[in-house]
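Peer 1: Contents of input_22.cif (mmCIF, C-alpha atoms and all ligand atoms):
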data_structure
loop_
_atom_site.label_atom_id
_atom_site.label_comp_id
_atom_site.auth_asym_id
_atom_site.auth_seq_id
_atom_site.Cartn_x
_atom_site.Cartn_y
_atom_site.Cartn_z
CA MET F 12 -12.46 16.74 10.56
CA LYS F 13 -12.99 13.28 9.11
CA ILE F 14 -10.18 10.73 8.88
CA ASN F 15 -10.47 8.12 6.14
CA PHE F 16 -8.42 4.91 5.91
CA TRP F 17 -7.41 3.88 2.37
CA GLY F 18 -4.46 1.61 3.19
CA VAL F 19 -3.57 0.20 6.60
CA ARG F 20 -0.86 -2.44 6.01
CA GLY F 21 2.85 -2.22 6.53
CA SER F 22 5.67 -3.28 4.21
CA TYR F 23 3.77 -4.67 1.21
CA PRO F 24 0.20 -5.14 0.00
CA CYS F 25 -1.54 -8.42 0.67
CA TRP F 26 -4.66 -9.96 -0.78
CA GLY F 27 -6.84 -13.06 -0.54
CA ASP F 28 -9.41 -14.58 1.78
CA HIS F 29 -7.31 -13.97 4.89
CA CYS F 30 -7.48 -10.16 4.69
CA THR F 31 -10.91 -9.27 3.30
CA GLN F 32 -12.18 -7.64 6.52
CA ILE F 33 -9.22 -5.41 7.38
CA GLY F 34 -7.86 -4.81 3.88
CA GLY F 35 -4.50 -5.33 2.24
CA GLN F 36 -3.35 -1.95 0.80
CA THR F 37 -0.33 -0.09 2.18
CA SER F 38 -0.33 3.20 4.09
CA CYS F 39 -2.63 5.97 2.95
CA VAL F 40 -4.92 8.06 5.15
CA SER F 41 -6.86 11.16 4.16
CA ALA F 42 -8.19 13.99 6.28
CA THR F 43 -11.30 15.74 5.03
CA LEU F 44 -11.75 19.17 6.59
CA SER F 45 -15.06 20.95 6.49
CA ASN F 46 -15.41 24.53 5.26
CA THR F 47 -11.95 24.84 3.77
CA GLN F 48 -10.77 25.01 0.20
CA GLN F 49 -7.75 22.91 1.09
CA SER F 50 -10.03 20.12 2.12
CA HIS F 51 -8.17 17.07 0.86
CA ILE F 52 -5.05 16.22 2.78
CA ILE F 53 -3.41 12.85 2.22
CA PHE F 54 -0.91 11.17 4.53
CA ASP F 55 1.43 8.84 2.62
CA MET F 56 1.25 7.40 -0.86
CA GLY F 57 0.95 3.64 -0.33
CA THR F 58 -1.17 1.49 -2.61
CA GLY F 59 -4.30 2.64 -0.76
CA MET F 60 -3.82 5.91 -2.62
CA ILE F 61 -4.94 4.32 -5.89
CA ALA F 62 -8.60 3.94 -4.85
CA LEU F 63 -8.55 7.40 -3.29
CA GLY F 64 -7.30 8.87 -6.57
CA LYS F 65 -10.24 7.40 -8.47
CA GLN F 66 -12.65 8.96 -5.98
CA LEU F 67 -10.97 12.39 -6.16
CA ARG F 68 -11.05 12.27 -9.96
CA ASP F 69 -14.75 11.36 -9.95
CA GLN F 70 -15.47 14.19 -7.50
CA GLY F 71 -13.55 16.67 -9.66
CA ILE F 72 -11.14 17.60 -6.84
CA LYS F 73 -8.26 19.60 -8.32
CA GLN F 74 -6.32 20.90 -5.28
CA ILE F 75 -4.65 18.18 -3.23
CA THR F 76 -2.13 18.26 -0.37
CA ILE F 77 0.08 15.21 0.21
CA ILE F 78 2.12 14.76 3.39
CA VAL F 79 4.80 12.07 3.33
CA SER F 80 6.26 10.33 6.39
CA HIS F 81 9.34 8.91 4.64
CA PHE F 82 10.41 7.39 1.37
CA HIS F 83 10.23 3.64 1.90
CA LEU F 84 8.53 1.99 -1.05
CA ASP F 85 5.36 0.95 0.81
CA HIS F 86 4.69 4.68 1.42
CA LEU F 87 5.39 5.81 -2.18
CA MET F 88 4.28 3.05 -4.50
CA GLY F 89 0.72 4.34 -5.03
CA LEU F 90 1.68 7.67 -6.58
CA ALA F 91 2.33 6.45 -10.12
CA PHE F 92 -1.20 5.04 -10.26
CA PHE F 93 -2.91 7.97 -8.54
CA LYS F 94 -5.26 9.30 -11.23
CA PRO F 95 -4.99 13.04 -10.36
CA ILE F 96 -1.28 13.23 -11.28
CA TRP F 97 -2.21 12.39 -14.86
CA ASP F 98 -4.63 15.35 -15.07
CA GLU F 99 -3.07 18.65 -16.16
CA ASP F 100 -5.75 20.64 -14.30
CA THR F 101 -4.72 19.21 -10.91
CA THR F 102 -2.32 20.90 -8.50
CA LEU F 103 -0.52 18.76 -5.92
CA THR F 104 1.40 20.23 -3.00
CA PHE F 105 3.78 17.79 -1.31
CA TYR F 106 5.12 18.27 2.22
CA SER F 107 8.04 16.06 3.18
CA PRO F 108 11.17 16.07 5.34
CA HIS F 109 14.77 16.49 4.28
CA LEU F 110 16.44 13.14 4.68
CA SER F 111 20.07 12.65 5.49
CA LYS F 112 22.54 13.24 2.63
CA GLY F 113 20.31 16.02 1.28
CA LEU F 114 17.84 13.60 -0.30
CA ASP F 115 14.36 15.08 -0.62
CA LEU F 116 11.10 13.83 -2.11
CA GLU F 117 11.39 15.71 -5.40
CA THR F 118 14.85 14.26 -6.05
CA THR F 119 13.68 10.79 -5.03
CA LEU F 120 10.73 10.88 -7.44
CA LYS F 121 12.77 12.32 -10.30
CA THR F 122 15.86 10.16 -9.99
CA LYS F 123 14.59 6.94 -8.45
CA LEU F 124 10.86 6.16 -8.64
CA PHE F 125 9.72 7.80 -11.91
CA CYS F 126 12.76 6.69 -13.78
CA PRO F 127 13.47 3.78 -16.14
CA PRO F 128 13.82 0.90 -15.57
CA LEU F 129 11.50 1.20 -12.52
CA PHE F 130 8.85 3.27 -14.33
CA PRO F 131 8.65 4.29 -18.00
CA VAL F 132 7.50 7.93 -17.62
CA PRO F 133 9.98 10.49 -16.20
CA PHE F 134 8.53 12.69 -13.45
CA GLN F 135 9.10 15.77 -15.61
CA GLU F 136 6.36 14.47 -17.94
CA VAL F 137 3.71 14.17 -15.22
CA PRO F 138 0.91 16.52 -16.38
CA ALA F 139 -0.27 17.74 -12.94
CA THR F 140 1.36 20.83 -11.43
CA CYS F 141 3.50 19.72 -8.49
CA HIS F 142 4.84 21.94 -5.69
CA PHE F 143 7.34 20.59 -3.17
CA LYS F 144 7.58 22.00 0.37
CA THR F 145 10.50 20.59 2.30
CA PHE F 146 11.18 21.06 6.00
CA GLN F 147 13.46 19.93 8.81
CA THR F 148 11.72 17.45 11.09
CA GLY F 149 10.81 19.28 14.29
CA ASP F 150 9.46 22.30 12.39
CA SER F 151 5.90 23.51 12.88
CA LEU F 152 4.26 24.50 9.60
CA SER F 153 1.31 26.75 8.84
CA LEU F 154 -0.80 25.47 5.96
CA PRO F 155 -3.53 27.53 4.28
CA ASN F 156 -6.94 27.76 5.96
CA GLU F 157 -5.63 27.89 9.53
CA ILE F 158 -4.18 24.40 9.53
CA THR F 159 -1.15 23.78 11.72
CA LEU F 160 1.12 20.84 10.94
CA LYS F 161 3.65 19.89 13.61
CA THR F 162 6.42 17.38 12.90
CA LEU F 163 8.40 14.91 15.03
CA ASP F 164 11.44 12.74 14.42
CA LEU F 165 10.59 9.02 14.66
CA ASN F 166 12.74 5.97 15.38
CA HIS F 167 12.99 4.21 12.02
CA PRO F 168 15.82 3.06 9.73
CA GLY F 169 16.64 5.98 7.42
CA CYS F 170 14.36 8.29 9.50
CA ALA F 171 10.61 8.96 9.38
CA THR F 172 8.49 11.92 10.43
CA GLY F 173 5.40 11.88 12.63
CA TYR F 174 2.69 14.52 12.20
CA ARG F 175 0.16 16.36 14.30
CA LEU F 176 -2.48 18.19 12.26
CA GLU F 177 -4.52 20.79 14.13
CA HIS F 178 -7.63 22.49 12.79
CA LYS F 179 -10.57 24.20 14.49
CA GLY F 180 -9.70 22.82 17.92
CA LYS F 181 -9.23 19.21 16.77
CA ALA F 182 -5.93 17.33 16.65
CA PHE F 183 -5.05 14.29 14.53
CA CYS F 184 -1.71 12.53 14.98
CA TYR F 185 -0.17 10.26 12.34
CA ILE F 186 2.68 8.23 13.82
CA THR F 187 3.80 5.41 11.59
CA ASP F 188 7.06 3.63 10.93
CA HIS F 189 8.27 4.14 14.45
CA GLU F 190 9.80 1.78 16.97
CA HIS F 191 8.67 3.14 20.28
CA SER F 192 11.29 3.00 22.98
CA ALA F 193 11.70 4.65 26.35
CA ASP F 194 15.24 5.46 25.20
CA PHE F 195 14.16 7.35 22.06
CA ASN F 196 12.62 10.73 22.92
CA GLU F 197 9.69 9.24 24.83
CA ALA F 198 8.96 12.50 26.64
CA GLN F 199 8.91 14.37 23.33
CA MET F 200 6.56 11.79 21.84
CA LEU F 201 4.14 12.00 24.76
CA ASP F 202 4.15 15.77 24.59
CA PHE F 203 3.62 15.68 20.81
CA VAL F 204 0.52 13.46 20.87
CA GLN F 205 -0.90 14.81 24.15
CA ASN F 206 -4.73 14.94 24.13
CA ALA F 207 -4.98 14.12 20.42
CA ASP F 208 -8.54 13.39 19.32
CA LEU F 209 -7.24 10.50 17.21
CA MET F 210 -3.76 8.97 17.09
CA VAL F 211 -2.85 6.60 14.28
CA PHE F 212 0.10 4.55 15.57
CA ASP F 213 2.44 1.99 14.02
CA THR F 214 1.39 -1.29 15.65
CA MET F 215 2.94 -3.69 13.19
CA PHE F 216 3.58 -6.51 15.64
CA THR F 217 2.22 -8.43 18.58
CA PRO F 218 4.37 -7.95 21.69
CA GLU F 219 5.64 -11.53 21.18
CA ASP F 220 6.68 -10.99 17.55
CA PHE F 221 8.21 -7.65 18.46
CA GLN F 222 10.91 -9.58 20.36
CA THR F 223 11.99 -11.14 17.05
CA TYR F 224 11.80 -7.92 15.05
CA ALA F 225 13.21 -5.37 17.50
CA THR F 226 15.41 -2.80 15.64
CA TRP F 227 13.29 -3.15 12.46
CA GLY F 228 11.74 0.25 13.21
CA HIS F 229 8.18 -0.73 14.12
CA SER F 230 6.17 -1.03 17.34
CA SER F 231 3.83 -3.51 18.96
CA TRP F 232 0.19 -2.73 19.69
CA ARG F 233 1.15 -2.70 23.37
CA SER F 234 3.40 0.33 22.78
CA GLY F 235 0.56 2.11 21.00
CA VAL F 236 -1.71 1.53 23.98
CA ASP F 237 0.97 2.69 26.44
CA VAL F 238 1.52 5.93 24.53
CA ALA F 239 -2.24 6.55 24.26
CA LEU F 240 -2.74 6.03 28.00
CA LYS F 241 0.27 8.10 29.09
CA ALA F 242 -0.58 10.99 26.75
CA ALA F 243 -4.35 11.04 27.40
CA VAL F 244 -5.07 10.39 23.72
CA LYS F 245 -8.81 10.24 23.13
CA LYS F 246 -8.85 7.53 20.47
CA LEU F 247 -6.17 5.14 19.17
CA ALA F 248 -6.13 3.56 15.71
CA LEU F 249 -3.90 0.48 15.29
CA PHE F 250 -2.13 0.90 11.94
CA HIS F 251 0.61 -0.42 9.58
CA MET F 252 -0.20 -3.98 10.55
CA SER F 253 1.97 -6.86 9.43
CA PRO F 254 0.87 -8.35 6.10
CA ASP F 255 1.50 -11.75 7.71
CA TYR F 256 -1.43 -11.30 10.12
CA ASN F 257 -4.84 -12.53 8.95
CA ASP F 258 -8.21 -10.99 9.84
CA ASP F 259 -8.78 -13.30 12.81
CA LYS F 260 -5.43 -12.46 14.35
CA LEU F 261 -5.97 -8.72 13.89
CA LEU F 262 -9.45 -8.86 15.42
CA GLU F 263 -7.93 -10.64 18.42
CA ILE F 264 -5.29 -7.90 18.68
CA GLU F 265 -8.02 -5.27 18.58
CA GLN F 266 -9.83 -6.96 21.47
CA ASP F 267 -6.62 -7.35 23.49
CA ALA F 268 -5.86 -3.65 23.02
CA GLN F 269 -9.43 -2.62 23.89
CA ARG F 270 -9.18 -4.46 27.22
CA LEU F 271 -6.39 -2.07 28.20
CA PHE F 272 -7.62 1.02 26.34
CA PRO F 273 -11.30 0.79 25.33
CA ASN F 274 -11.08 3.68 22.87
CA THR F 275 -8.96 1.60 20.50
CA LEU F 276 -9.98 0.68 16.99
CA LEU F 277 -8.24 -1.31 14.32
CA ALA F 278 -7.82 0.84 11.22
CA ARG F 279 -9.87 -0.88 8.51
CA GLU F 280 -9.47 -0.09 4.85
CA GLY F 281 -12.51 1.92 3.68
CA SER F 282 -13.53 3.07 7.17
CA SER F 283 -13.67 6.61 8.57
CA VAL F 284 -13.53 8.32 11.95
CA ASP F 285 -15.27 11.63 12.65
CA LEU F 286 -13.46 13.98 15.02
ZN ZN T 1 6.08 1.30 6.18
ZN ZN T 2 9.45 2.53 6.64
#
Let me see the structure of the file written as structure tokens.
Ligand SMILES: [Zn+2]
Ligand SMILES: [Zn+2]

Peer 2:
Amino acid sequence: MKINFWGVRGSYPCWGDHCTQIGGQTSCVSATLSNTQQSHIIFDMGTGMIALGKQLRDQGIKQITIIVSHFHLDHLMGLAFFKPIWDEDTTLTFYSPHLSKGLDLETTLKTKLFCPPLFPVPFQEVPATCHFKTFQTGDSLSLPNEITLKTLDLNHPGCATGYRLEHKGKAFCYITDHEHSADFNEAQMLDFVQNADLMVFDTMFTPEDFQTYATWGHSSWRSGVDVALKAAVKKLALFHMSPDYNDDKLLEIEQDAQRLFPNTLLAREGSSVDL
């Protein structure tokens, strides 16, 4: 399994000299699985998805699975500009949770995002074939080609879902948009990510800034390290970083985290991790 980072920022994209090393696109991570037909699995549809879409189009990939953590705009805004949805030969299968009030991804795309005045083309006119698989967070799902996808409720305004993808003895956890707290299902979280080969974790803030932004639904890098240590995670990727942090600050954060947990890396746009 290979994990590829296409967008690593939280909240909104950023650009300019201060973020050239780490990257400025919002959440999008892909998992490339060897020896399977369902080999392109995408986590979240942030603006990082736009560059990924160009690559998939150029490679002629026509079967794509997209797994969505929640429906905040920074996790959806890449879809309209994702080249494969404008190709009638492409089939997209979306996995996403039911939100409260019965709102699901299909309804959100059709009635909110792909809808004038926000976007000129109604979702019904998207040429690609789209399938929507909706679940209750907590469910464990079997995907084709012996892939298991486990789901976990996260601590985030309006809810978000964390994922554990298992394939051929490897486990990848995608935990973003989550405010880690000992009071919010900590035991469940530790059990969920136990022994993961790689855990992507929402580390939007420094521990100092977290004091200001507590209740916003995001964690500090210190929480990511604590979870990794307690759950014997093999590798931790710091993710969904604040767009206010420049490259120098993020590289300092990476070093601080590595002092406590050496197998930490800062997710960098365009980089990959082999599991
Ligand atoms: Zn977010
Ligand atoms: Zn969010």

Peer 1: Could you give me, as a PDB file with C-alpha atoms, in the frame of the given file, every polymer residue with an atom at most 10 Å away from an atom of ligand ZN 1 (chain T), counting all atoms listed in the file?

Peer 2:
ATOM      1  CA  VAL F  19      -3.570   0.200   6.600  1.00  0.00           C
ATOM      2  CA  ARG F  20      -0.860  -2.440   6.010  1.00  0.00           C
ATOM      3  CA  GLY F  21       2.850  -2.220   6.530  1.00  0.00           C
ATOM      4  CA  SER F  22       5.670  -3.280   4.210  1.00  0.00           C
ATOM      5  CA  TYR F  23       3.770  -4.670   1.210  1.00  0.00           C
ATOM      6  CA  THR F  37      -0.330  -0.090   2.180  1.00  0.00           C
ATOM      7  CA  SER F  38      -0.330   3.200   4.090  1.00  0.00           C
ATOM      8  CA  ASP F  55       1.430   8.840   2.620  1.00  0.00           C
ATOM      9  CA  GLY F  57       0.950   3.640  -0.330  1.00  0.00           C
ATOM     10  CA  SER F  80       6.260  10.330   6.390  1.00  0.00           C
ATOM     11  CA  HIS F  81       9.340   8.910   4.640  1.00  0.00           C
ATOM     12  CA  PHE F  82      10.410   7.390   1.370  1.00  0.00           C
ATOM     13  CA  HIS F  83      10.230   3.640   1.900  1.00  0.00           C
ATOM     14  CA  LEU F  84       8.530   1.990  -1.050  1.00  0.00           C
ATOM     15  CA  ASP F  85       5.360   0.950   0.810  1.00  0.00           C
ATOM     16  CA  HIS F  86       4.690   4.680   1.420  1.00  0.00           C
ATOM     17  CA  LEU F  87       5.390   5.810  -2.180  1.00  0.00           C
ATOM     18  CA  HIS F 167      12.990   4.210  12.020  1.00  0.00           C
ATOM     19  CA  ALA F 171      10.610   8.960   9.380  1.00  0.00           C
ATOM     20  CA  THR F 187       3.800   5.410  11.590  1.00  0.00           C
ATOM     21  CA  ASP F 188       7.060   3.630  10.930  1.00  0.00           C
ATOM     22  CA  HIS F 189       8.270   4.140  14.450  1.00  0.00           C
ATOM     23  CA  ASP F 213       2.440   1.990  14.020  1.00  0.00           C
ATOM     24  CA  MET F 215       2.940  -3.690  13.190  1.00  0.00           C
ATOM     25  CA  GLY F 228      11.740   0.250  13.210  1.00  0.00           C
ATOM     26  CA  HIS F 229       8.180  -0.730  14.120  1.00  0.00           C
ATOM     27  CA  HIS F 251       0.610  -0.420   9.580  1.00  0.00           C
ATOM     28  CA  MET F 252      -0.200  -3.980  10.550  1.00  0.00           C
ATOM     29  CA  SER F 253       1.970  -6.860   9.430  1.00  0.00           C
TER      30      SER F 253
END

Peer 1: Interatomic distance between atom CA of Leu276 of chain F and atom CA of Met88 of chain F?

Peer 2: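 Calculated distance between atom CA of Leu276 of chain F and atom CA of Met88 of chain F is 25.9 Å.
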
Peer 1: Work out how far apart atom CA of Pro108 of chain F and atom CA of Lys121 of chain F are and give it in Å to one decimal.

Peer 2: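 Taking atom CA of Pro108 of chain F and atom CA of Lys121 of chain F, their separation equals 16.2 Å.
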
Peer 1: Once 3 Å is added on each side, what are the centre and the three edge lengths, in Å to one decimal, of the axis-aligned box enclosing the listed atoms of segment 263-270 of chain F? Present them as AutoDock Vina command-line options.

Peer 2:
--center_x -7.6 --center_y -6.6 --center_z 22.8 --size_x 10.5 --size_y 14.0 --size_z 14.8

Peer 1: Could you give me, as a list in words, the residues that have an atom at most 8 Å away from the point (8.2, 19.6, 10.4) in the coordinates of the file, using all atoms listed in the file?

Peer 2: Pro108, Phe146, Gln147, Thr148, Gly149, Asp150, Ser151, Leu152, Leu160, Lys161, Thr162, Leu163, Thr172 and Tyr174 of chain F

Peer 1: For a test of reading the model, state the distance in Å between atom CA of Trp17 of chain F and atom CA of Leu63 of chain F, rounded to one decimal.

Peer 2: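 We find that atom CA of Trp17 of chain F and atom CA of Leu63 of chain F lie 6.8 Å from each other.
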
Peer 1: Mind listing as a PDB file with C-alpha atoms, in the coordinates of the input all residues within 6 Å of (3.8, -10.7, 13.1), counting all atoms listed in the file?

Peer 2:
ATOM      1  CA  PHE F 216       3.580  -6.510  15.640  1.00  0.00           C
ATOM      2  CA  ASP F 220       6.680 -10.990  17.550  1.00  0.00           C
ATOM      3  CA  SER F 253       1.970  -6.860   9.430  1.00  0.00           C
ATOM      4  CA  ASP F 255       1.500 -11.750   7.710  1.00  0.00           C
TER       5      ASP F 255
END

Peer 1: Restricting the calculation to only C-alpha atoms, which member of F:Cys126, F:Ala91, F:Ile75, F:Leu249 is positioned closest to Ser230 of chain F?

Peer 2: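 When distances to Ser230 of chain F are compared using only C-alpha atoms, the smallest one comes from F:Leu249.
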
Peer 1: Within 10 Å of segment 41-44 of chain F, counting all atoms listed in the file, which residues qualify if same-chain residues fewer than 2 places away don't, as an MDAnalysis selection string?

Peer 2: chainID F and resid 12:18 39 46:55 60 63 76:78 156 158 176 178:179 183 283:285

Peer 1: May I ask which of the residues F:Ser107, F:Ser231, F:Asn166, F:Gln269 is the closest one to ligand ZN 2 (chain T), counting all atoms listed in the file?

Peer 2: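 Counting all atoms listed in the file, the residue closest to ligand ZN 2 (chain T) is F:Asn166.
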
Peer 1: Looking at F:Leu247, F:Pro24, F:Gly173, F:Val40, which one is nearest to Thr58 of chain F, with distances taken over only C-alpha atoms?

Peer 2: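 Nearest to Thr58 of chain F: F:Pro24.
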